Amino acid sequence: MLLDVQDITASYGSSQALFGVDLTVAEGEVVALMGRNGMGKSTTIKSICNLMPPKSGRIAFGGRPTEKMPPHKVARLGIGLVPEGRRCFPNLTVHENLVAAARPGAWTLDRVNALFPRLEERHAQMAKSLSGGEQQMLAIGRALMTNPRLLILDEATEGLAPVIRQDIWRAIRALKGDGLSILVVDKTLSELLPVADRCVIIENGRSVWAGQPEALTSDLQDRYLGI
């Protein structure tokens, strides 16, 4: 198992946010992490990356426990994070953003530019001058340049224009086709479910359902994902 998360809890100060989350991601698998707003999805991702160390439970990546590792060492194991809100370096160019954390491997500048041709067109522009969709492409490209074993996408299409969302989903489908392991958070079920191999639903900081997308009935969607 590439990523193994077992019964983790986490808190913001005295306020507990996770009460027992379990999830796994196998090599080459795409797992959708789902739930309503405020249910603990982003906190789970922070705990996986050790940006918010879990209070209890176990997290292992590639068979190595990571709960006590500093975040940069967790990243070096092969986790590429595309955080909610993109967080590109605004005063660096597109090219500089992409090469800043690059590591040797199959993902090169040419390959990222082939996946997102807009980035090549804007390679000399400052990141802050890009549209929101272009910044999202840059954030994904930057994560790929670290040559991760696992790519984590937190709300990769939120707030983007429909045509840009389609570009992002096209890229995600291509990454799945390449066999990259992906953990993805997104609310667009019509796009998310066809690309997912498995789904994990979190409610109130707990894992409450896991299964294949075809088992996620309309009743389950209404119960756990409806407004």
# chains A, B, ... in the order shown; residues from 1 in each chain; ligands from 1
$ residues_around --residues "region 189-201 of chain A" --least-positions-apart "4" --cutoff "7 Å" --atoms "only C-alpha atoms" --output "list in words"
Leu23, Glu29, Val30, Val31, Ala32, Leu33, Met34, Gly35, Arg173, Ser207, Val208, Trp209, Ala210, Gly211, Gln212 and Pro213 of chain A
$ residues_around --residues "Lys41 (chain A)" --least-positions-apart "4" --cutoff "12 Å" --atoms "only C-alpha atoms" --output "PDB file with N, CA and C atoms, in the first residue's frame"
ATOM      1  N   ALA A  10      -6.930  14.760  14.911  1.00  0.00           N
ATOM      2  CA  ALA A  10      -6.165  16.009  14.812  1.00  0.00           C
ATOM      3  C   ALA A  10      -6.984  17.136  15.407  1.00  0.00           C
ATOM      4  N   ALA A  17     -10.686  18.377  15.268  1.00  0.00           N
ATOM      5  CA  ALA A  17     -11.217  18.411  13.902  1.00  0.00           C
ATOM      6  C   ALA A  17     -11.384  17.029  13.301  1.00  0.00           C
ATOM      7  N   LEU A  18     -10.481  16.111  13.627  1.00  0.00           N
ATOM      8  CA  LEU A  18     -10.566  14.733  13.134  1.00  0.00           C
ATOM      9  C   LEU A  18     -10.738  13.797  14.320  1.00  0.00           C
ATOM     10  N   VAL A  21     -10.008   9.009  11.124  1.00  0.00           N
ATOM     11  CA  VAL A  21     -10.062   8.931   9.661  1.00  0.00           C
ATOM     12  C   VAL A  21      -9.172   7.790   9.193  1.00  0.00           C
ATOM     13  N   ASP A  22      -9.734   6.954   8.338  1.00  0.00           N
ATOM     14  CA  ASP A  22      -9.005   5.858   7.719  1.00  0.00           C
ATOM     15  C   ASP A  22      -9.105   6.008   6.205  1.00  0.00           C
ATOM     16  N   LEU A  23      -7.986   5.857   5.526  1.00  0.00           N
ATOM     17  CA  LEU A  23      -8.012   5.778   4.067  1.00  0.00           C
ATOM     18  C   LEU A  23      -6.710   5.177   3.572  1.00  0.00           C
ATOM     19  N   ALA A  32     -10.953   9.297  -4.395  1.00  0.00           N
ATOM     20  CA  ALA A  32     -11.681  10.542  -4.175  1.00  0.00           C
ATOM     21  C   ALA A  32     -11.990  10.678  -2.689  1.00  0.00           C
ATOM     22  N   LEU A  33     -11.532  11.765  -2.082  1.00  0.00           N
ATOM     23  CA  LEU A  33     -11.829  12.075  -0.684  1.00  0.00           C
ATOM     24  C   LEU A  33     -12.989  13.054  -0.681  1.00  0.00           C
ATOM     25  N   MET A  34     -14.116  12.634  -0.121  1.00  0.00           N
ATOM     26  CA  MET A  34     -15.367  13.366  -0.308  1.00  0.00           C
ATOM     27  C   MET A  34     -15.997  13.729   1.027  1.00  0.00           C
ATOM     28  N   GLY A  35     -16.911  14.697   0.975  1.00  0.00           N
ATOM     29  CA  GLY A  35     -17.639  15.141   2.148  1.00  0.00           C
ATOM     30  C   GLY A  35     -18.083  16.579   1.970  1.00  0.00           C
ATOM     31  N   ARG A  36     -19.051  16.989   2.765  1.00  0.00           N
ATOM     32  CA  ARG A  36     -19.502  18.376   2.708  1.00  0.00           C
ATOM     33  C   ARG A  36     -18.399  19.314   3.197  1.00  0.00           C
ATOM     34  N   ASN A  37     -18.620  20.600   3.001  1.00  0.00           N
ATOM     35  CA  ASN A  37     -17.672  21.606   3.491  1.00  0.00           C
ATOM     36  C   ASN A  37     -17.524  21.505   5.009  1.00  0.00           C
ATOM     37  N   ILE A  45      -5.765  16.070   4.663  1.00  0.00           N
ATOM     38  CA  ILE A  45      -4.635  16.265   3.758  1.00  0.00           C
ATOM     39  C   ILE A  45      -3.457  16.906   4.492  1.00  0.00           C
ATOM     40  N   LYS A  46      -3.740  17.900   5.325  1.00  0.00           N
ATOM     41  CA  LYS A  46      -2.666  18.528   6.108  1.00  0.00           C
ATOM     42  C   LYS A  46      -1.979  17.510   7.012  1.00  0.00           C
ATOM     43  N   SER A  47      -2.753  16.604   7.582  1.00  0.00           N
ATOM     44  CA  SER A  47      -2.168  15.589   8.457  1.00  0.00           C
ATOM     45  C   SER A  47      -1.315  14.604   7.665  1.00  0.00           C
ATOM     46  N   ILE A  48      -1.772  14.230   6.467  1.00  0.00           N
ATOM     47  CA  ILE A  48      -0.986  13.331   5.622  1.00  0.00           C
ATOM     48  C   ILE A  48       0.373  13.953   5.299  1.00  0.00           C
ATOM     49  N   PRO A  83      -2.266  22.508  -3.086  1.00  0.00           N
ATOM     50  CA  PRO A  83      -3.144  22.921  -1.989  1.00  0.00           C
ATOM     51  C   PRO A  83      -4.353  23.713  -2.470  1.00  0.00           C
ATOM     52  N   GLU A  84      -5.362  23.730  -1.640  1.00  0.00           N
ATOM     53  CA  GLU A  84      -6.516  24.584  -1.910  1.00  0.00           C
ATOM     54  C   GLU A  84      -6.045  26.035  -1.965  1.00  0.00           C
ATOM     55  N   ILE A 152      -1.555  14.869  -4.572  1.00  0.00           N
ATOM     56  CA  ILE A 152      -2.747  15.222  -3.790  1.00  0.00           C
ATOM     57  C   ILE A 152      -3.309  16.526  -4.333  1.00  0.00           C
ATOM     58  N   LEU A 153      -4.564  16.489  -4.740  1.00  0.00           N
ATOM     59  CA  LEU A 153      -5.247  17.649  -5.320  1.00  0.00           C
ATOM     60  C   LEU A 153      -6.391  18.061  -4.401  1.00  0.00           C
ATOM     61  N   ASP A 154      -6.267  19.225  -3.789  1.00  0.00           N
ATOM     62  CA  ASP A 154      -7.299  19.715  -2.865  1.00  0.00           C
ATOM     63  C   ASP A 154      -8.122  20.789  -3.567  1.00  0.00           C
ATOM     64  N   GLU A 155      -9.325  20.422  -4.004  1.00  0.00           N
ATOM     65  CA  GLU A 155     -10.249  21.343  -4.684  1.00  0.00           C
ATOM     66  C   GLU A 155      -9.592  21.969  -5.913  1.00  0.00           C
ATOM     67  N   LEU A 183      -4.739  11.318  -4.905  1.00  0.00           N
ATOM     68  CA  LEU A 183      -5.787  11.545  -3.904  1.00  0.00           C
ATOM     69  C   LEU A 183      -6.400  12.887  -4.229  1.00  0.00           C
ATOM     70  N   VAL A 184      -7.696  12.908  -4.528  1.00  0.00           N
ATOM     71  CA  VAL A 184      -8.308  14.122  -5.052  1.00  0.00           C
ATOM     72  C   VAL A 184      -9.562  14.484  -4.257  1.00  0.00           C
ATOM     73  N   VAL A 185      -9.659  15.769  -3.927  1.00  0.00           N
ATOM     74  CA  VAL A 185     -10.857  16.342  -3.314  1.00  0.00           C
ATOM     75  C   VAL A 185     -11.513  17.244  -4.345  1.00  0.00           C
ATOM     76  N   ASP A 186     -12.788  17.023  -4.611  1.00  0.00           N
ATOM     77  CA  ASP A 186     -13.527  17.878  -5.546  1.00  0.00           C
ATOM     78  C   ASP A 186     -15.013  17.650  -5.331  1.00  0.00           C
ATOM     79  N   LYS A 187     -15.791  18.684  -5.647  1.00  0.00           N
ATOM     80  CA  LYS A 187     -17.245  18.600  -5.456  1.00  0.00           C
ATOM     81  C   LYS A 187     -17.993  18.234  -6.728  1.00  0.00           C
ATOM     82  N   VAL A 200     -13.782   7.720  -0.570  1.00  0.00           N
ATOM     83  CA  VAL A 200     -13.827   7.730   0.897  1.00  0.00           C
ATOM     84  C   VAL A 200     -14.585   8.976   1.306  1.00  0.00           C
ATOM     85  N   ILE A 201     -15.611   8.801   2.125  1.00  0.00           N
ATOM     86  CA  ILE A 201     -16.416   9.933   2.580  1.00  0.00           C
ATOM     87  C   ILE A 201     -16.116  10.221   4.050  1.00  0.00           C
ATOM     88  N   ILE A 202     -15.911  11.496   4.340  1.00  0.00           N
ATOM     89  CA  ILE A 202     -15.683  11.956   5.710  1.00  0.00           C
ATOM     90  C   ILE A 202     -16.874  12.795   6.155  1.00  0.00           C
ATOM     91  N   GLU A 203     -17.334  12.547   7.350  1.00  0.00           N
ATOM     92  CA  GLU A 203     -18.390  13.371   7.950  1.00  0.00           C
ATOM     93  C   GLU A 203     -18.018  13.651   9.392  1.00  0.00           C
ATOM     94  N   ASN A 204     -18.029  14.927   9.743  1.00  0.00           N
ATOM     95  CA  ASN A 204     -17.695  15.355  11.108  1.00  0.00           C
ATOM     96  C   ASN A 204     -16.374  14.751  11.590  1.00  0.00           C
ATOM     97  N   GLY A 205     -15.386  14.751  10.702  1.00  0.00           N
ATOM     98  CA  GLY A 205     -14.058  14.310  11.088  1.00  0.00           C
ATOM     99  C   GLY A 205     -13.878  12.818  11.216  1.00  0.00           C
ATOM    100  N   ARG A 206     -14.829  12.047  10.676  1.00  0.00           N
ATOM    101  CA  ARG A 206     -14.726  10.585  10.733  1.00  0.00           C
ATOM    102  C   ARG A 206     -14.956   9.983   9.354  1.00  0.00           C
ATOM    103  N   SER A 207     -14.262   8.906   9.067  1.00  0.00           N
ATOM    104  CA  SER A 207     -14.558   8.145   7.852  1.00  0.00           C
ATOM    105  C   SER A 207     -15.867   7.399   8.063  1.00  0.00           C
TER     106      SER A 207
END
$ residues_around --residues "Val74 (chain A)" --least-positions-apart "5" --cutoff "10 Å" --atoms "only C-alpha atoms" --output "ChimeraX atom specification"
/A:48-51,60-61,64-69,79-80
$ write_last_selection --atoms "C-alpha atoms" --output "short mmCIF file (atom, residue, chain, number, x, y, z; two decimals), in the first residue's frame"
data_model
loop_
_atom_site.label_atom_id
_atom_site.label_comp_id
_atom_site.auth_asym_id
_atom_site.auth_seq_id
_atom_site.Cartn_x
_atom_site.Cartn_y
_atom_site.Cartn_z
CA ILE A 48 -0.99 13.33 5.62
CA CYS A 49 1.61 15.96 4.68
CA ASN A 50 2.38 16.55 8.39
CA LEU A 51 1.54 20.23 8.02
CA ALA A 60 2.63 5.44 6.57
CA PHE A 61 3.86 6.27 3.08
CA ARG A 64 7.48 4.27 6.31
CA PRO A 65 5.75 5.93 9.30
CA THR A 66 5.56 9.68 8.70
CA GLU A 67 3.79 11.10 11.76
CA LYS A 68 7.05 12.33 13.32
CA MET A 69 8.70 13.57 10.12
CA ILE A 79 4.09 13.38 -2.01
CA GLY A 80 3.22 16.25 -4.31
#
$ atom_distance --atom1 "CA of Leu2 (chain A)" --atom2 "CA of Pro70 (chain A)"
18.9 Å
$ select_by_dssp --residues "region 58-198 of chain A" --states "alpha helix (DSSP H)" --output "ChimeraX atom specification"
/A:71-76,94-100,109-115,117-121,132-144,162-177,189-195
$ select_by_dssp --residues "region 97-201 of chain A" --states "strand (DSSP E or B)" --output "MDAnalysis selection string"
chainID A and resid 126 150:154 181:185 198:201
$ atom_distance --atom1 "CA of Thr24 (chain A)" --atom2 "CA of Asp4 (chain A)"
4.6 Å
$ decode --residues "region 38-88 of chain A" --atoms "N, CA and C atoms" --output "PDB file, in the first residue's frame"
ATOM      1  N   GLY A  38     -16.294  21.638   5.480  1.00  0.00           N
ATOM      2  CA  GLY A  38     -16.059  21.664   6.915  1.00  0.00           C
ATOM      3  C   GLY A  38     -16.064  20.322   7.601  1.00  0.00           C
ATOM      4  N   MET A  39     -16.022  19.234   6.821  1.00  0.00           N
ATOM      5  CA  MET A  39     -16.099  17.898   7.413  1.00  0.00           C
ATOM      6  C   MET A  39     -14.737  17.308   7.748  1.00  0.00           C
ATOM      7  N   GLY A  40     -13.643  17.956   7.281  1.00  0.00           N
ATOM      8  CA  GLY A  40     -12.317  17.480   7.653  1.00  0.00           C
ATOM      9  C   GLY A  40     -11.443  17.020   6.510  1.00  0.00           C
ATOM     10  N   LYS A  41     -11.848  17.274   5.267  1.00  0.00           N
ATOM     11  CA  LYS A  41     -11.062  16.801   4.123  1.00  0.00           C
ATOM     12  C   LYS A  41      -9.697  17.487   4.058  1.00  0.00           C
ATOM     13  N   SER A  42      -9.688  18.810   4.110  1.00  0.00           N
ATOM     14  CA  SER A  42      -8.417  19.537   4.038  1.00  0.00           C
ATOM     15  C   SER A  42      -7.546  19.266   5.255  1.00  0.00           C
ATOM     16  N   THR A  43      -8.164  19.096   6.410  1.00  0.00           N
ATOM     17  CA  THR A  43      -7.400  18.757   7.609  1.00  0.00           C
ATOM     18  C   THR A  43      -6.748  17.390   7.462  1.00  0.00           C
ATOM     19  N   THR A  44      -7.457  16.453   6.864  1.00  0.00           N
ATOM     20  CA  THR A  44      -6.880  15.135   6.602  1.00  0.00           C
ATOM     21  C   THR A  44      -5.655  15.254   5.707  1.00  0.00           C
ATOM     22  N   ILE A  45      -5.765  16.070   4.663  1.00  0.00           N
ATOM     23  CA  ILE A  45      -4.635  16.265   3.758  1.00  0.00           C
ATOM     24  C   ILE A  45      -3.457  16.906   4.492  1.00  0.00           C
ATOM     25  N   LYS A  46      -3.740  17.900   5.325  1.00  0.00           N
ATOM     26  CA  LYS A  46      -2.666  18.528   6.108  1.00  0.00           C
ATOM     27  C   LYS A  46      -1.979  17.510   7.012  1.00  0.00           C
ATOM     28  N   SER A  47      -2.753  16.604   7.582  1.00  0.00           N
ATOM     29  CA  SER A  47      -2.168  15.589   8.457  1.00  0.00           C
ATOM     30  C   SER A  47      -1.315  14.604   7.665  1.00  0.00           C
ATOM     31  N   ILE A  48      -1.772  14.230   6.467  1.00  0.00           N
ATOM     32  CA  ILE A  48      -0.986  13.331   5.622  1.00  0.00           C
ATOM     33  C   ILE A  48       0.373  13.953   5.299  1.00  0.00           C
ATOM     34  N   CYS A  49       0.368  15.252   5.013  1.00  0.00           N
ATOM     35  CA  CYS A  49       1.611  15.959   4.681  1.00  0.00           C
ATOM     36  C   CYS A  49       2.368  16.415   5.914  1.00  0.00           C
ATOM     37  N   ASN A  50       1.820  16.166   7.098  1.00  0.00           N
ATOM     38  CA  ASN A  50       2.378  16.552   8.392  1.00  0.00           C
ATOM     39  C   ASN A  50       2.495  18.062   8.544  1.00  0.00           C
ATOM     40  N   LEU A  51       1.681  18.796   7.788  1.00  0.00           N
ATOM     41  CA  LEU A  51       1.544  20.228   8.018  1.00  0.00           C
ATOM     42  C   LEU A  51       0.728  20.467   9.286  1.00  0.00           C
ATOM     43  N   MET A  52      -0.039  19.457   9.669  1.00  0.00           N
ATOM     44  CA  MET A  52      -0.792  19.464  10.914  1.00  0.00           C
ATOM     45  C   MET A  52      -0.674  18.050  11.497  1.00  0.00           C
ATOM     46  N   PRO A  53       0.363  17.790  12.284  1.00  0.00           N
ATOM     47  CA  PRO A  53       0.612  16.427  12.750  1.00  0.00           C
ATOM     48  C   PRO A  53      -0.580  15.838  13.494  1.00  0.00           C
ATOM     49  N   PRO A  54      -0.926  14.586  13.216  1.00  0.00           N
ATOM     50  CA  PRO A  54      -2.049  13.971  13.924  1.00  0.00           C
ATOM     51  C   PRO A  54      -1.749  13.792  15.405  1.00  0.00           C
ATOM     52  N   LYS A  55      -2.797  13.875  16.211  1.00  0.00           N
ATOM     53  CA  LYS A  55      -2.650  13.670  17.645  1.00  0.00           C
ATOM     54  C   LYS A  55      -2.496  12.184  17.965  1.00  0.00           C
ATOM     55  N   SER A  56      -3.180  11.359  17.183  1.00  0.00           N
ATOM     56  CA  SER A  56      -3.089   9.913  17.379  1.00  0.00           C
ATOM     57  C   SER A  56      -3.384   9.235  16.053  1.00  0.00           C
ATOM     58  N   GLY A  57      -3.188   7.930  16.017  1.00  0.00           N
ATOM     59  CA  GLY A  57      -3.364   7.183  14.789  1.00  0.00           C
ATOM     60  C   GLY A  57      -2.030   6.963  14.085  1.00  0.00           C
ATOM     61  N   ARG A  58      -2.113   6.426  12.877  1.00  0.00           N
ATOM     62  CA  ARG A  58      -0.893   6.053  12.159  1.00  0.00           C
ATOM     63  C   ARG A  58      -0.999   6.470  10.700  1.00  0.00           C
ATOM     64  N   ILE A  59       0.080   7.041  10.175  1.00  0.00           N
ATOM     65  CA  ILE A  59       0.182   7.354   8.752  1.00  0.00           C
ATOM     66  C   ILE A  59       1.498   6.766   8.253  1.00  0.00           C
ATOM     67  N   ALA A  60       1.429   5.998   7.182  1.00  0.00           N
ATOM     68  CA  ALA A  60       2.630   5.436   6.570  1.00  0.00           C
ATOM     69  C   ALA A  60       2.586   5.703   5.076  1.00  0.00           C
ATOM     70  N   PHE A  61       3.740   6.043   4.516  1.00  0.00           N
ATOM     71  CA  PHE A  61       3.856   6.265   3.080  1.00  0.00           C
ATOM     72  C   PHE A  61       4.978   5.386   2.555  1.00  0.00           C
ATOM     73  N   GLY A  62       4.645   4.532   1.615  1.00  0.00           N
ATOM     74  CA  GLY A  62       5.631   3.586   1.117  1.00  0.00           C
ATOM     75  C   GLY A  62       6.168   2.681   2.206  1.00  0.00           C
ATOM     76  N   GLY A  63       5.333   2.398   3.207  1.00  0.00           N
ATOM     77  CA  GLY A  63       5.728   1.530   4.311  1.00  0.00           C
ATOM     78  C   GLY A  63       6.479   2.226   5.427  1.00  0.00           C
ATOM     79  N   ARG A  64       6.729   3.538   5.289  1.00  0.00           N
ATOM     80  CA  ARG A  64       7.479   4.274   6.307  1.00  0.00           C
ATOM     81  C   ARG A  64       6.548   5.164   7.140  1.00  0.00           C
ATOM     82  N   PRO A  65       6.560   5.039   8.458  1.00  0.00           N
ATOM     83  CA  PRO A  65       5.751   5.931   9.297  1.00  0.00           C
ATOM     84  C   PRO A  65       6.201   7.378   9.102  1.00  0.00           C
ATOM     85  N   THR A  66       5.230   8.282   8.989  1.00  0.00           N
ATOM     86  CA  THR A  66       5.561   9.678   8.699  1.00  0.00           C
ATOM     87  C   THR A  66       5.089  10.652   9.766  1.00  0.00           C
ATOM     88  N   GLU A  67       4.396  10.161  10.801  1.00  0.00           N
ATOM     89  CA  GLU A  67       3.791  11.102  11.756  1.00  0.00           C
ATOM     90  C   GLU A  67       4.810  12.002  12.443  1.00  0.00           C
ATOM     91  N   LYS A  68       6.044  11.547  12.599  1.00  0.00           N
ATOM     92  CA  LYS A  68       7.051  12.328  13.321  1.00  0.00           C
ATOM     93  C   LYS A  68       8.033  13.033  12.379  1.00  0.00           C
ATOM     94  N   MET A  69       7.806  12.915  11.076  1.00  0.00           N
ATOM     95  CA  MET A  69       8.699  13.569  10.116  1.00  0.00           C
ATOM     96  C   MET A  69       8.307  15.026   9.916  1.00  0.00           C
ATOM     97  N   PRO A  70       9.274  15.925   9.718  1.00  0.00           N
ATOM     98  CA  PRO A  70       8.932  17.289   9.315  1.00  0.00           C
ATOM     99  C   PRO A  70       8.333  17.266   7.913  1.00  0.00           C
ATOM    100  N   PRO A  71       7.493  18.251   7.588  1.00  0.00           N
ATOM    101  CA  PRO A  71       6.784  18.236   6.307  1.00  0.00           C
ATOM    102  C   PRO A  71       7.683  18.105   5.085  1.00  0.00           C
ATOM    103  N   HIS A  72       8.863  18.763   5.100  1.00  0.00           N
ATOM    104  CA  HIS A  72       9.707  18.704   3.907  1.00  0.00           C
ATOM    105  C   HIS A  72      10.246  17.297   3.664  1.00  0.00           C
ATOM    106  N   LYS A  73      10.428  16.527   4.735  1.00  0.00           N
ATOM    107  CA  LYS A  73      10.893  15.160   4.556  1.00  0.00           C
ATOM    108  C   LYS A  73       9.760  14.258   4.075  1.00  0.00           C
ATOM    109  N   VAL A  74       8.541  14.535   4.511  1.00  0.00           N
ATOM    110  CA  VAL A  74       7.389  13.802   3.983  1.00  0.00           C
ATOM    111  C   VAL A  74       7.277  14.049   2.479  1.00  0.00           C
ATOM    112  N   ALA A  75       7.433  15.302   2.086  1.00  0.00           N
ATOM    113  CA  ALA A  75       7.363  15.632   0.659  1.00  0.00           C
ATOM    114  C   ALA A  75       8.436  14.894  -0.133  1.00  0.00           C
ATOM    115  N   ARG A  76       9.625  14.790   0.435  1.00  0.00           N
ATOM    116  CA  ARG A  76      10.728  14.138  -0.269  1.00  0.00           C
ATOM    117  C   ARG A  76      10.515  12.646  -0.440  1.00  0.00           C
ATOM    118  N   LEU A  77       9.636  12.057   0.363  1.00  0.00           N
ATOM    119  CA  LEU A  77       9.302  10.653   0.164  1.00  0.00           C
ATOM    120  C   LEU A  77       8.547  10.440  -1.141  1.00  0.00           C
ATOM    121  N   GLY A  78       7.933  11.535  -1.640  1.00  0.00           N
ATOM    122  CA  GLY A  78       7.234  11.422  -2.915  1.00  0.00           C
ATOM    123  C   GLY A  78       5.786  11.854  -2.883  1.00  0.00           C
ATOM    124  N   ILE A  79       5.455  12.829  -2.036  1.00  0.00           N
ATOM    125  CA  ILE A  79       4.094  13.375  -2.005  1.00  0.00           C
ATOM    126  C   ILE A  79       4.112  14.774  -2.610  1.00  0.00           C
ATOM    127  N   GLY A  80       3.359  14.952  -3.670  1.00  0.00           N
ATOM    128  CA  GLY A  80       3.224  16.251  -4.311  1.00  0.00           C
ATOM    129  C   GLY A  80       1.865  16.848  -3.996  1.00  0.00           C
ATOM    130  N   LEU A  81       1.847  17.975  -3.305  1.00  0.00           N
ATOM    131  CA  LEU A  81       0.593  18.595  -2.863  1.00  0.00           C
ATOM    132  C   LEU A  81       0.238  19.785  -3.735  1.00  0.00           C
ATOM    133  N   VAL A  82      -1.002  19.787  -4.223  1.00  0.00           N
ATOM    134  CA  VAL A  82      -1.586  20.960  -4.867  1.00  0.00           C
ATOM    135  C   VAL A  82      -2.620  21.497  -3.888  1.00  0.00           C
ATOM    136  N   PRO A  83      -2.266  22.508  -3.086  1.00  0.00           N
ATOM    137  CA  PRO A  83      -3.144  22.921  -1.989  1.00  0.00           C
ATOM    138  C   PRO A  83      -4.353  23.713  -2.470  1.00  0.00           C
ATOM    139  N   GLU A  84      -5.362  23.730  -1.640  1.00  0.00           N
ATOM    140  CA  GLU A  84      -6.516  24.584  -1.910  1.00  0.00           C
ATOM    141  C   GLU A  84      -6.045  26.035  -1.965  1.00  0.00           C
ATOM    142  N   GLY A  85      -6.482  26.763  -2.984  1.00  0.00           N
ATOM    143  CA  GLY A  85      -6.060  28.148  -3.133  1.00  0.00           C
ATOM    144  C   GLY A  85      -4.788  28.329  -3.938  1.00  0.00           C
ATOM    145  N   ARG A  86      -4.235  27.236  -4.451  1.00  0.00           N
ATOM    146  CA  ARG A  86      -3.110  27.236  -5.409  1.00  0.00           C
ATOM    147  C   ARG A  86      -1.774  27.625  -4.792  1.00  0.00           C
ATOM    148  N   ARG A  87      -1.649  28.826  -4.221  1.00  0.00           N
ATOM    149  CA  ARG A  87      -0.445  29.260  -3.503  1.00  0.00           C
ATOM    150  C   ARG A  87       0.825  29.202  -4.355  1.00  0.00           C
ATOM    151  N   CYS A  88       0.732  29.704  -5.551  1.00  0.00           N
ATOM    152  CA  CYS A  88       1.931  29.871  -6.372  1.00  0.00           C
ATOM    153  C   CYS A  88       2.783  30.997  -5.784  1.00  0.00           C
TER     154      CYS A  88
END
